[in-house]
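Content type mmCIF, C-alpha atoms, from the file structure39.cif:
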```
data_structure
loop_
_atom_site.label_atom_id
_atom_site.label_comp_id
_atom_site.auth_asym_id
_atom_site.auth_seq_id
_atom_site.Cartn_x
_atom_site.Cartn_y
_atom_site.Cartn_z
CA MET A 1 -16.47 -26.81 28.49
CA SER A 2 -16.49 -28.71 25.18
CA PRO A 3 -18.11 -27.30 22.02
CA SER A 4 -20.94 -29.81 22.33
CA ASP A 5 -21.64 -28.61 25.89
CA ARG A 6 -21.66 -24.97 24.77
CA SER A 7 -24.06 -25.71 21.91
CA ARG A 8 -26.73 -26.73 24.45
CA TYR A 9 -27.14 -23.05 25.36
CA ILE A 10 -27.59 -21.74 21.80
CA VAL A 11 -31.16 -20.70 20.95
CA LYS A 12 -31.66 -21.90 17.40
CA SER A 13 -34.49 -19.49 16.58
CA ILE A 14 -32.23 -16.51 17.38
CA VAL A 15 -29.49 -18.00 15.21
CA HIS A 16 -32.00 -18.31 12.36
CA ALA A 17 -33.19 -14.73 12.90
CA SER A 18 -29.59 -13.45 12.78
CA GLU A 19 -29.08 -15.24 9.47
CA VAL A 20 -32.15 -13.51 8.05
CA LEU A 21 -30.80 -10.14 9.22
CA ALA A 22 -27.42 -10.96 7.69
CA ALA A 23 -29.12 -11.58 4.35
CA PHE A 24 -29.63 -7.80 4.02
CA GLN A 25 -26.50 -6.35 2.42
CA SER A 26 -27.13 -2.87 3.85
CA SER A 27 -29.69 -1.08 6.00
CA GLY A 28 -31.08 0.73 2.95
CA GLU A 29 -31.52 -2.35 0.76
CA VAL A 30 -35.13 -3.39 0.02
CA VAL A 31 -35.26 -7.18 -0.24
CA ARG A 32 -38.01 -9.47 -1.46
CA LEU A 33 -39.17 -12.46 0.54
CA ARG A 34 -37.97 -14.83 -2.17
CA ASP A 35 -34.51 -13.21 -2.04
CA ILE A 36 -34.31 -13.89 1.70
CA VAL A 37 -35.28 -17.50 0.98
CA SER A 38 -32.56 -17.74 -1.65
CA ARG A 39 -29.86 -16.12 0.51
CA THR A 40 -30.56 -18.09 3.68
CA GLY A 41 -31.62 -21.46 2.26
CA PHE A 42 -34.58 -21.52 4.67
CA SER A 43 -38.11 -22.40 3.57
CA THR A 44 -40.54 -19.68 2.49
CA SER A 45 -42.79 -20.24 5.48
CA MET A 46 -39.88 -20.10 7.92
CA CYS A 47 -38.53 -16.86 6.38
CA PHE A 48 -42.01 -15.33 6.46
CA ARG A 49 -42.47 -16.13 10.15
CA LEU A 50 -39.00 -14.84 11.05
CA LEU A 51 -39.52 -11.60 9.08
CA TYR A 52 -42.94 -11.14 10.67
CA THR A 53 -41.41 -11.51 14.15
CA LEU A 54 -38.48 -9.21 13.35
CA HIS A 55 -40.97 -6.63 12.04
CA GLU A 56 -43.01 -6.84 15.24
CA CYS A 57 -39.82 -6.40 17.29
CA GLY A 58 -38.76 -3.33 15.29
CA PHE A 59 -35.74 -4.80 13.51
CA VAL A 60 -37.30 -4.85 10.03
CA ASP A 61 -39.69 -2.56 8.15
CA LYS A 62 -42.25 -3.94 5.73
CA VAL A 63 -42.26 -1.51 2.80
CA GLY A 64 -44.56 -3.34 0.39
CA GLU A 65 -46.07 -6.70 -0.45
CA ASN A 66 -43.35 -9.15 0.63
CA LEU A 67 -40.74 -6.33 0.59
CA TYR A 68 -38.53 -5.69 3.62
CA ARG A 69 -35.80 -3.30 4.81
CA LEU A 70 -33.66 -3.15 7.93
CA THR A 71 -34.56 -0.42 10.43
CA THR A 72 -30.97 -0.19 11.75
CA GLU A 73 -27.53 -1.22 10.54
CA PHE A 74 -26.96 -4.86 11.42
CA ARG A 75 -23.37 -5.55 12.37
CA ARG A 76 -22.38 -8.92 10.95
CA ARG A 77 -19.72 -11.11 12.46
CA PRO A 78 -16.58 -10.76 10.31
CA GLN A 79 -16.32 -13.57 7.82
CA TYR A 80 -12.51 -13.50 7.73
CA ARG A 81 -9.62 -12.48 9.95
CA ILE A 82 -6.75 -10.96 8.00
CA GLY A 83 -3.38 -10.11 9.52
CA TYR A 84 -1.47 -7.05 8.38
CA ALA A 85 2.22 -6.69 9.22
CA SER A 86 2.92 -2.99 8.73
CA GLN A 87 6.31 -1.83 7.51
CA GLY A 88 6.63 0.47 10.52
CA GLN A 89 8.85 3.09 8.89
CA PRO A 90 7.92 6.55 10.28
CA THR A 91 6.87 8.03 6.92
CA SER A 92 3.52 8.82 5.37
CA PHE A 93 3.57 5.91 2.88
CA PRO A 94 2.96 3.05 5.36
CA ARG A 95 0.53 5.26 7.31
CA GLU A 96 -1.58 5.80 4.20
CA VAL A 97 -1.50 2.09 3.33
CA LEU A 98 -2.69 1.23 6.84
CA ALA A 99 -5.45 3.86 6.84
CA GLY A 100 -6.76 2.59 3.51
CA LEU A 101 -6.63 -1.01 4.72
CA LYS A 102 -8.64 -0.20 7.83
CA GLU A 103 -11.32 1.56 5.79
CA ALA A 104 -11.55 -1.25 3.24
CA ALA A 105 -11.63 -3.97 5.92
CA GLU A 106 -14.44 -2.22 7.78
CA ARG A 107 -16.39 -1.72 4.58
CA GLU A 108 -16.04 -5.42 3.68
CA GLN A 109 -16.65 -6.49 7.29
CA VAL A 110 -13.26 -8.15 7.60
CA GLU A 111 -11.53 -8.31 10.97
CA LEU A 112 -8.08 -6.75 10.50
CA LEU A 113 -5.33 -7.62 12.98
CA VAL A 114 -2.40 -5.20 12.75
CA LEU A 115 1.17 -5.71 13.96
CA ASP A 116 4.08 -3.31 13.45
CA ASN A 117 7.29 -4.69 11.91
CA ARG A 118 9.12 -1.55 13.09
CA TYR A 119 11.36 -1.74 10.00
CA GLN A 120 13.29 -4.56 11.71
CA PRO A 121 13.62 -8.11 10.33
CA ARG A 122 13.64 -9.80 13.75
CA VAL A 123 10.38 -8.07 14.66
CA ALA A 124 8.86 -9.14 11.33
CA LEU A 125 9.71 -12.78 12.13
CA ARG A 126 8.12 -12.52 15.58
CA ASN A 127 5.02 -10.98 14.06
CA ALA A 128 4.74 -13.88 11.60
CA ASP A 129 4.76 -16.30 14.52
CA GLN A 130 2.08 -14.23 16.25
CA PHE A 131 -0.24 -14.30 13.23
CA ILE A 132 0.20 -18.06 12.97
CA ARG A 133 -0.74 -18.45 16.65
CA GLU A 134 -3.79 -16.27 15.99
CA ALA A 135 -4.75 -18.62 13.12
CA VAL A 136 -5.62 -15.76 10.79
CA ASP A 137 -7.11 -16.64 7.41
CA LEU A 138 -4.61 -14.62 5.35
CA VAL A 139 -1.64 -12.31 5.92
CA ILE A 140 -0.67 -9.09 4.14
CA GLU A 141 3.06 -8.57 4.70
CA PHE A 142 4.75 -5.18 4.27
CA GLN A 143 8.37 -5.57 5.30
CA THR A 144 11.46 -4.40 3.48
CA ASP A 145 14.24 -6.90 4.21
CA GLU A 146 14.83 -9.35 1.40
CA SER A 147 17.04 -11.43 3.71
CA VAL A 148 14.14 -12.65 5.88
CA ALA A 149 11.47 -12.80 3.17
CA PRO A 150 12.07 -16.53 2.41
CA LEU A 151 11.83 -17.46 6.10
CA ILE A 152 8.64 -15.45 6.63
CA ALA A 153 7.08 -16.97 3.51
CA SER A 154 8.09 -20.48 4.65
CA LYS A 155 6.40 -20.00 8.02
CA TYR A 156 3.09 -19.11 6.39
CA LEU A 157 3.40 -21.91 3.84
CA GLN A 158 3.83 -24.48 6.60
CA ALA A 159 0.84 -23.02 8.46
CA ASN A 160 -1.23 -23.11 5.23
CA ILE A 161 -1.92 -19.36 5.45
CA PRO A 162 -2.06 -17.47 2.13
CA LEU A 163 0.34 -14.53 1.88
CA ILE A 164 0.23 -11.23 0.00
CA ALA A 165 3.53 -9.33 -0.15
CA VAL A 166 3.37 -5.54 -0.48
CA ASP A 167 6.05 -3.93 -2.71
CA ILE A 168 8.80 -6.39 -1.61
CA PRO A 169 8.46 -9.89 -3.18
CA HIS A 170 8.33 -12.93 -0.88
CA PRO A 171 8.76 -16.46 -2.31
CA GLY A 172 5.40 -18.02 -3.16
CA ALA A 173 3.41 -14.95 -2.10
CA THR A 174 1.04 -13.01 -4.31
CA TYR A 175 2.77 -9.70 -5.07
CA PHE A 176 0.91 -6.41 -4.79
CA GLY A 177 2.53 -3.08 -5.48
CA ALA A 178 4.97 -1.21 -7.63
CA ASN A 179 5.95 -1.87 -11.20
CA ASN A 180 9.47 -0.93 -10.18
CA TYR A 181 11.17 -0.71 -13.55
CA GLU A 182 8.32 1.30 -15.08
CA ALA A 183 8.33 3.67 -12.08
CA GLY A 184 12.07 4.13 -12.44
CA LEU A 185 11.79 4.73 -16.16
CA LEU A 186 9.29 7.57 -15.62
CA GLY A 187 11.62 9.23 -13.11
CA GLY A 188 14.72 8.84 -15.27
CA GLN A 189 13.05 10.33 -18.32
CA GLN A 190 12.05 13.36 -16.24
CA LEU A 191 15.69 13.82 -15.18
CA GLY A 192 16.86 13.56 -18.76
CA ARG A 193 14.30 16.08 -20.03
CA PHE A 194 15.30 18.55 -17.33
CA ALA A 195 19.00 18.25 -18.17
CA ALA A 196 18.33 18.67 -21.90
CA LYS A 197 16.25 21.79 -21.35
CA MET A 198 18.02 23.51 -18.46
CA TRP A 199 21.65 22.39 -18.85
CA ASN A 200 21.88 21.88 -22.61
CA GLY A 201 22.37 18.19 -21.93
CA THR A 202 25.61 18.79 -20.01
CA ILE A 203 25.87 16.24 -17.17
CA ASP A 204 28.87 15.88 -14.88
CA GLU A 205 27.54 13.08 -12.67
CA VAL A 206 24.60 10.72 -12.15
CA LEU A 207 23.93 9.94 -8.49
CA MET A 208 21.59 7.06 -7.62
CA ILE A 209 20.31 6.64 -4.03
CA GLN A 210 19.61 2.93 -3.61
CA LEU A 211 17.65 0.81 -1.12
CA LEU A 212 19.82 -2.29 -1.01
CA ARG A 213 18.09 -4.08 1.88
CA ALA A 214 14.95 -4.46 -0.25
CA GLY A 215 16.70 -6.78 -2.71
CA PRO A 216 16.97 -6.90 -6.50
CA ILE A 217 13.33 -6.34 -7.50
CA PRO A 218 12.99 -2.84 -5.98
CA GLN A 219 16.47 -2.15 -7.36
CA ALA A 220 14.76 -2.22 -10.75
CA ARG A 221 13.71 1.34 -9.93
CA VAL A 222 17.36 2.38 -10.11
CA ARG A 223 17.91 0.44 -13.35
CA GLY A 224 14.78 2.05 -14.77
CA MET A 225 15.95 5.54 -13.82
CA LEU A 226 19.31 4.98 -15.48
CA GLU A 227 17.60 3.67 -18.62
CA GLY A 228 15.22 6.65 -18.64
CA ILE A 229 18.15 9.06 -18.52
CA HIS A 230 19.92 7.25 -21.36
CA ARG A 231 16.77 7.29 -23.49
CA THR A 232 16.57 11.07 -23.33
CA LEU A 233 20.24 12.07 -23.20
CA ARG A 234 23.50 11.05 -24.78
CA LEU A 235 25.81 10.94 -21.76
CA PRO A 236 29.54 11.35 -22.31
CA ALA A 237 31.70 8.36 -21.54
CA THR A 238 33.44 10.42 -18.86
CA CYS A 239 30.21 10.97 -16.88
CA PRO A 240 30.36 8.75 -13.77
CA THR A 241 27.40 6.98 -12.18
CA VAL A 242 27.72 6.98 -8.38
CA LEU A 243 25.67 4.57 -6.25
CA VAL A 244 24.88 5.42 -2.62
CA ASP A 245 22.76 3.29 -0.28
CA GLY A 246 20.28 5.59 1.45
CA ASN A 247 18.55 2.70 3.29
CA GLY A 248 15.21 4.28 2.37
CA GLN A 249 15.57 6.89 5.10
CA PHE A 250 16.00 10.66 5.13
CA GLN A 251 18.79 10.82 7.69
CA THR A 252 20.86 8.03 6.16
CA ALA A 253 20.62 9.56 2.69
CA LEU A 254 21.46 13.01 4.06
CA THR A 255 24.57 11.71 5.85
CA ARG A 256 25.89 9.66 2.94
CA VAL A 257 25.24 12.24 0.22
CA ARG A 258 26.76 14.90 2.49
CA LYS A 259 29.91 12.74 2.67
CA HIS A 260 29.91 12.22 -1.10
CA LEU A 261 29.69 15.95 -1.77
CA ARG A 262 32.86 16.56 0.21
CA GLU A 263 34.68 14.54 -2.45
CA SER A 264 32.73 15.49 -5.59
CA ARG A 265 32.82 18.88 -7.27
CA ALA A 266 30.42 17.99 -10.09
CA ARG A 267 28.26 20.98 -11.09
CA HIS A 268 25.47 19.26 -13.03
CA VAL A 269 24.27 16.23 -11.07
CA LEU A 270 21.17 14.16 -11.82
CA VAL A 271 19.91 12.46 -8.65
CA GLY A 272 17.50 9.54 -8.72
CA ALA A 273 16.30 8.10 -5.39
CA ALA A 274 14.55 4.82 -4.57
CA ASN A 275 12.00 6.65 -2.42
CA ASP A 276 11.07 10.16 -1.33
CA PRO A 277 12.76 10.18 2.10
CA SER A 278 16.04 9.37 0.32
CA ALA A 279 15.36 12.03 -2.33
CA LEU A 280 14.65 14.69 0.31
CA GLY A 281 17.74 13.68 2.28
CA ALA A 282 19.91 14.03 -0.83
CA LEU A 283 18.33 17.39 -1.66
CA ARG A 284 19.00 18.65 1.86
CA ALA A 285 22.66 17.63 1.54
CA PHE A 286 23.05 19.71 -1.63
CA GLU A 287 21.32 22.66 0.03
CA GLU A 288 23.55 22.48 3.11
CA ALA A 289 26.60 22.46 0.86
CA GLY A 290 25.35 25.61 -0.88
CA ARG A 291 25.01 23.62 -4.11
CA ARG A 292 21.25 23.42 -4.60
CA ASN A 293 21.43 24.58 -8.22
CA ASP A 294 24.00 21.89 -9.01
CA CYS A 295 21.39 19.14 -8.79
CA ALA A 296 18.06 17.94 -10.14
CA VAL A 297 16.34 15.29 -7.99
CA VAL A 298 13.58 12.77 -8.67
CA GLY A 299 12.03 10.59 -5.96
CA GLN A 300 9.61 7.70 -5.81
CA ASN A 301 6.20 7.44 -4.05
CA ALA A 302 5.04 11.10 -4.29
CA GLU A 303 4.58 11.23 -0.51
CA PRO A 304 3.05 14.35 1.12
CA GLU A 305 6.48 15.65 2.18
CA ALA A 306 7.72 15.44 -1.42
CA ARG A 307 4.56 17.06 -2.74
CA ALA A 308 5.02 19.93 -0.30
CA GLU A 309 8.61 20.36 -1.47
CA MET A 310 7.51 20.46 -5.12
CA ARG A 311 5.24 23.40 -4.30
CA ASN A 312 8.33 25.40 -3.34
CA SER A 313 8.98 27.72 -6.28
CA HIS A 314 12.76 27.29 -6.04
CA THR A 315 12.81 23.52 -5.49
CA ARG A 316 15.22 21.19 -7.25
CA LEU A 317 12.93 18.22 -6.60
CA ILE A 318 11.66 18.14 -10.17
CA GLY A 319 9.44 15.08 -9.82
CA SER A 320 8.34 12.02 -7.90
CA VAL A 321 6.62 8.95 -9.27
CA ALA A 322 3.26 8.36 -7.56
CA PHE A 323 2.40 4.96 -6.11
CA PHE A 324 -0.93 6.14 -4.60
CA PRO A 325 -0.63 4.29 -1.25
CA GLU A 326 -4.01 5.70 -0.24
CA LYS A 327 -5.50 3.26 -2.79
CA TYR A 328 -3.53 0.20 -1.67
CA GLY A 329 -6.02 -0.80 1.03
CA GLU A 330 -8.99 -1.29 -1.27
CA GLY A 331 -6.94 -3.30 -3.75
CA LEU A 332 -5.32 -5.46 -1.06
CA ILE A 333 -8.60 -6.37 0.63
CA ARG A 334 -10.23 -7.12 -2.73
CA LEU A 335 -7.29 -9.36 -3.67
CA GLY A 336 -7.30 -11.06 -0.26
CA LEU A 337 -11.02 -11.84 -0.44
CA ALA A 338 -10.60 -13.26 -3.94
CA ILE A 339 -7.82 -15.57 -2.72
CA LEU A 340 -9.88 -16.71 0.27
CA ALA A 341 -12.88 -17.36 -1.97
CA GLY A 342 -10.74 -19.68 -4.10
CA LYS A 343 -10.97 -17.49 -7.18
CA SER A 344 -8.26 -17.44 -9.83
CA THR A 345 -5.87 -14.55 -9.07
CA PRO A 346 -2.72 -13.38 -10.88
CA PRO A 347 0.70 -13.94 -9.27
CA ALA A 348 1.27 -10.17 -9.25
CA VAL A 349 -1.03 -7.14 -9.12
CA LEU A 350 0.84 -4.05 -10.32
CA ILE A 351 -0.33 -0.51 -9.65
CA LYS A 352 -0.44 2.22 -12.29
CA HIS A 353 2.14 4.96 -11.78
CA ARG A 354 2.01 8.65 -12.61
CA LEU A 355 4.82 11.20 -12.67
CA ILE A 356 4.06 14.04 -10.26
CA THR A 357 5.86 17.32 -10.96
CA PRO A 358 5.72 20.89 -9.66
CA THR A 359 3.38 21.72 -12.55
CA ASN A 360 0.80 18.97 -11.99
CA VAL A 361 0.98 18.25 -8.25
CA ASP A 362 -2.11 20.35 -7.53
CA HIS A 363 -4.04 18.53 -10.24
CA TYR A 364 -3.39 15.08 -8.76
CA TYR A 365 -3.47 16.17 -5.10
CA PRO A 366 -5.79 19.18 -4.84
CA ASN A 367 -6.69 18.45 -1.22
CA ASP A 368 -3.18 18.58 0.28
CA SER A 369 -3.81 22.04 1.74
CA LEU A 370 -6.81 20.66 3.64
CA LEU A 371 -4.69 17.87 5.12
CA GLU A 372 -1.95 20.30 6.15
CA SER A 373 -4.43 22.52 7.98
CA ARG A 374 -5.69 19.75 10.22
#
```
Structure re-expressed in structure tokens:
Amino acid sequence: MSPSDRSRYIVKSIVHASEVLAAFQSSGEVVRLRDIVSRTGFSTSMCFRLLYTLHECGFVDKVGENLYRLTTEFRRRPQYRIGYASQGQPTSFPREVLAGLKEAAEREQVELLVLDNRYQPRVALRNADQFIREAVDLVIEFQTDESVAPLIASKYLQANIPLIAVDIPHPGATYFGANNYEAGLLGGQQLGRFAAKMWNGTIDEVLMIQLLRAGPIPQARVRGMLEGIHRTLRLPATCPTVLVDGNGQFQTALTRVRKHLRESRARHVLVGAANDPSALGALRAFEEAGRRNDCAVVGQNAEPEARAEMRNSHTRLIGSVAFFPEKYGEGLIRLGLAILAGKSTPPAVLIKHRLITPTNVDHYYPNDSLLESR
């Protein structure tokens, strides 16, 4: 059946009534008749008749002279369909991003289509093709592999679908996420302050746990951590800097730092990690080797697992830089709607970071105990 054939069955008066209902921004909003006229573009007499009928049918309350309010919440058809390709890594960070996105999309009455990249580049490419087939209005991409970012971005460019890239830059996409160098700098300065206070500035080794697959921009976290250490300490020329790729995962970092510790006998080691799973994996390796007090560790993201570790009175996780993924959703949907509305938007939206430590973790995350008890 063609669109023209289907249109024969549409009752225009019901369509007009639905547009009047959609003019109310919430069930509690009191709206004047002239506001309904302005929002719908219908004539005053037409709006009056429609409101009168809707009042008689129980959909609208009349609360004053030419003042109206919905009697029930009117569910509007979503104005936009936005695709979200989730990172898929089994940690709390992507889960919190997704939860925030769902809440923000529902609040803004956006239809959110979610696919899981499963932390695999081939899956991310398939998901891009799926979103293009679905003809979504915009895509929010959260995938870690720099190697496939240009191809994913090219697919959306050819399909004329705007793209927002979360934390990992994609060519031509609007970037949303970490100020990587600044986040690294905060973590490195914390490491340096700890060493100056607790070890008299004596450092035998600096160990950086990288995330190489994410490319050079996230690697700015590592450069920032090294710079932060150097700003607070004068390291001896004999102090080595060791780079280990933790792949952003607890088990990989644990295995590779465990191997490194078999070869290194350094007693004062500053450890900076690209994310919290890597930081916790490195910390576990030191603990297994009976060398917990030989290290001081800083992570990135301030995920719930890291916050729980920092509440341990004997922990050597001395800090983690917060990215507040629970707030990503609201910012991403707001940015996406601005792009779709044709508004001027910056090429990058950077979040504000905070250093979370054992002394302030309860201040920034006072409700963690409630979440743990669920």
- Task: Quick one: everything within 10 Å of Phe24 of chain A, counting only C-alpha atoms, minus sequence neighbours fewer than 3 positions away in the same chain. Send it as a list of chain:residue names.
- Result: A:Glu19, A:Val20, A:Leu21, A:Ser27, A:Gly28, A:Glu29, A:Val30, A:Val31, A:Asp35, A:Ile36, A:Arg39, A:Tyr68, A:Arg69, A:Leu70, A:Glu73, A:Phe74
Could you make a table, as a Markdown table, of the residues of segment 176-239 of chain A that have an atom within 8 Å of an atom of segment 142-164 of chain A, each with its nearest atom pair and distance in Å to one decimal, counting only C-alpha atoms, in chain and number order?
```
| residue | atom | partner | partner_atom | distance |
| --- | --- | --- | --- | --- |
| A:Phe176 | CA | A:Ile164 | CA | 6.8 |
| A:Arg213 | CA | A:Asp145 | CA | 5.3 |
| A:Ala214 | CA | A:Thr144 | CA | 5.1 |
| A:Gly215 | CA | A:Glu146 | CA | 5.2 |
```
- Give me, please, the distance in Å between atom CA of Ile356 of chain A and atom CA of Gly319 of chain A, quoted to one decimal.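 These atoms are spaced 5.5 Å apart.
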Give one line per residue of segment 270-314 of chain A that approaches segment 320-327 of chain A to at most 12 Å, naming the two atoms of the closest pair and their distance in Å to one decimal, counting only C-alpha atoms; sort by chain then ascending residue number and deliver it as JSON lines.
```
{"residue": "A:Val271", "atom": "CA", "partner": "A:Ser320", "partner_atom": "CA", "distance": 11.6}
{"residue": "A:Gly272", "atom": "CA", "partner": "A:Ser320", "partner_atom": "CA", "distance": 9.5}
{"residue": "A:Ala273", "atom": "CA", "partner": "A:Ser320", "partner_atom": "CA", "distance": 9.2}
{"residue": "A:Ala274", "atom": "CA", "partner": "A:Ser320", "partner_atom": "CA", "distance": 10.1}
{"residue": "A:Asn275", "atom": "CA", "partner": "A:Ser320", "partner_atom": "CA", "distance": 8.5}
{"residue": "A:Asp276", "atom": "CA", "partner": "A:Ser320", "partner_atom": "CA", "distance": 7.4}
{"residue": "A:Pro277", "atom": "CA", "partner": "A:Ser320", "partner_atom": "CA", "distance": 11.1}
{"residue": "A:Ser278", "atom": "CA", "partner": "A:Ser320", "partner_atom": "CA", "distance": 11.6}
{"residue": "A:Ala279", "atom": "CA", "partner": "A:Ser320", "partner_atom": "CA", "distance": 9.0}
{"residue": "A:Leu280", "atom": "CA", "partner": "A:Ser320", "partner_atom": "CA", "distance": 10.7}
{"residue": "A:Ala296", "atom": "CA", "partner": "A:Ser320", "partner_atom": "CA", "distance": 11.6}
{"residue": "A:Val297", "atom": "CA", "partner": "A:Ser320", "partner_atom": "CA", "distance": 8.6}
{"residue": "A:Val298", "atom": "CA", "partner": "A:Ser320", "partner_atom": "CA", "distance": 5.3}
{"residue": "A:Gly299", "atom": "CA", "partner": "A:Ser320", "partner_atom": "CA", "distance": 4.4}
{"residue": "A:Gln300", "atom": "CA", "partner": "A:Val321", "partner_atom": "CA", "distance": 4.7}
{"residue": "A:Asn301", "atom": "CA", "partner": "A:Ala322", "partner_atom": "CA", "distance": 4.7}
{"residue": "A:Ala302", "atom": "CA", "partner": "A:Ala322", "partner_atom": "CA", "distance": 4.6}
{"residue": "A:Glu303", "atom": "CA", "partner": "A:Ala322", "partner_atom": "CA", "distance": 7.7}
{"residue": "A:Pro304", "atom": "CA", "partner": "A:Ala322", "partner_atom": "CA", "distance": 10.5}
{"residue": "A:Glu305", "atom": "CA", "partner": "A:Ser320", "partner_atom": "CA", "distance": 10.9}
{"residue": "A:Ala306", "atom": "CA", "partner": "A:Ser320", "partner_atom": "CA", "distance": 7.4}
{"residue": "A:Arg307", "atom": "CA", "partner": "A:Ser320", "partner_atom": "CA", "distance": 8.1}
{"residue": "A:Ala308", "atom": "CA", "partner": "A:Ser320", "partner_atom": "CA", "distance": 11.5}
{"residue": "A:Glu309", "atom": "CA", "partner": "A:Ser320", "partner_atom": "CA", "distance": 10.5}
{"residue": "A:Met310", "atom": "CA", "partner": "A:Ser320", "partner_atom": "CA", "distance": 8.9}
```
- Best match for closeness to Asn117 of chain A among A:Tyr84, A:Tyr52, A:Phe93, A:Phe59, counting only C-alpha atoms: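 Residue with the minimum atom-to-atom distance to Asn117 of chain A: A:Tyr84.
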- Task: To one decimal in Å, tell me the separation between atom CA of Leu270 of chain A and atom CA of Cys295 of chain A.
- Result: 5.8 Å
- Quick one: pull the distance between atom CA of Gln249 of chain A and atom CA of Arg126 of chain A, Å, one decimal. 23.3 Å
- Step by step, work through what the PyMOL selection byres ((chain A and resi 207-209) around 9) selects in the shown file, and finish by giving those residues as an MDAnalysis selection string. chainID A and resid 205:206 210:211 222 225:226 240:248 253 257 269:275 278:279 282
- Query: Which of these residues is nearest to Val63 of chain A, using all atoms listed in the file: A:Ala348, A:Ala341, A:Leu33, A:Ile229?
  - Reply: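 Answer, going by the shortest atom-to-atom distance: A:Leu33.
Shell of Tyr119 of chain A at 7 Å, with all atoms listed in the file counted and residues fewer than 5 places along the chain excluded, is A:Gln87, A:Gly88, A:Gln89, A:Gln143.
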- Query: Counting all atoms listed in the file, which residues come within 12 Å of (21.0, 24.6, -3.6), with the point read in the file's coordinates, and could you list them as JSON, numbers by chain?
  - Reply: {"A": [267, 268, 269, 282, 283, 284, 285, 286, 287, 288, 289, 290, 291, 292, 293, 294, 295, 296, 297, 314, 315, 316, 317]}
- Result set, the PyMOL selection byres ((chain A and resi 50) around 10) on current file, as a list in words: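 Selected by the PyMOL selection byres ((chain A and resi 50) around 10) here: Ser13, Ile14, His16, Ala17, Ser18, Val20, Leu21, Thr44, Ser45, Met46, Cys47, Phe48, Arg49, Leu51, Tyr52, Thr53, Leu54, His55 and Glu56 of chain A.
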- Message: Given the PyMOL selection byres ((chain A and resi 79-83) around 7) and the file above, list the residues it selects as a list of chain:residue names.
- Response: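 After applying the PyMOL selection byres ((chain A and resi 79-83) around 7), what remains is A:Arg77, A:Pro78, A:Tyr84, A:Ala85, A:Val110, A:Glu111, A:Leu112, A:Leu113, A:Val114, A:Phe131, A:Val136, A:Asp137, A:Leu138, A:Val139, A:Ile140.
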- Query: Looking at only C-alpha atoms, which of A:Leu350, A:Gln251, A:Gly41, A:Gly58 is the one that sits closest to Asn180 of chain A?
  - Reply: A:Leu350
- Task: Within 6 Å of Pro358 of chain A, counting only C-alpha atoms, which residues show up once you throw out same-chain ones fewer than 2 positions away? Write them as a count of residues only, please.
- Result: 4
Reconstruct segment 241-252 of chain A at the level of N, CA and C atoms, and format the result as a short mmCIF file (atom, residue, chain, number, x, y, z; two decimals), in the coordinates of the input.
```
data_model
loop_
_atom_site.label_atom_id
_atom_site.label_comp_id
_atom_site.auth_asym_id
_atom_site.auth_seq_id
_atom_site.Cartn_x
_atom_site.Cartn_y
_atom_site.Cartn_z
N THR A 241 28.63 7.32 -12.91
CA THR A 241 27.40 6.98 -12.18
C THR A 241 27.81 6.53 -10.79
N VAL A 242 27.36 7.26 -9.77
CA VAL A 242 27.72 6.98 -8.38
C VAL A 242 26.52 6.37 -7.68
N LEU A 243 26.73 5.26 -6.98
CA LEU A 243 25.67 4.57 -6.25
C LEU A 243 25.89 4.74 -4.76
N VAL A 244 24.84 5.21 -4.07
CA VAL A 244 24.88 5.42 -2.62
C VAL A 244 23.67 4.72 -2.02
N ASP A 245 23.87 3.96 -0.95
CA ASP A 245 22.76 3.29 -0.28
C ASP A 245 22.15 4.23 0.77
N GLY A 246 20.95 4.71 0.51
CA GLY A 246 20.28 5.59 1.45
C GLY A 246 19.43 4.87 2.47
N ASN A 247 19.31 3.52 2.35
CA ASN A 247 18.55 2.70 3.29
C ASN A 247 17.08 3.12 3.36
N GLY A 248 16.62 3.87 2.39
CA GLY A 248 15.21 4.28 2.37
C GLY A 248 14.85 5.32 3.40
N GLN A 249 15.84 5.98 4.01
CA GLN A 249 15.57 6.89 5.10
C GLN A 249 16.23 8.26 4.88
N PHE A 250 15.54 9.29 5.32
CA PHE A 250 16.00 10.66 5.13
C PHE A 250 17.38 10.87 5.73
N GLN A 251 17.55 10.51 7.00
CA GLN A 251 18.79 10.82 7.69
C GLN A 251 19.98 10.07 7.11
N THR A 252 19.77 8.81 6.75
CA THR A 252 20.86 8.03 6.16
C THR A 252 21.28 8.62 4.82
#
```
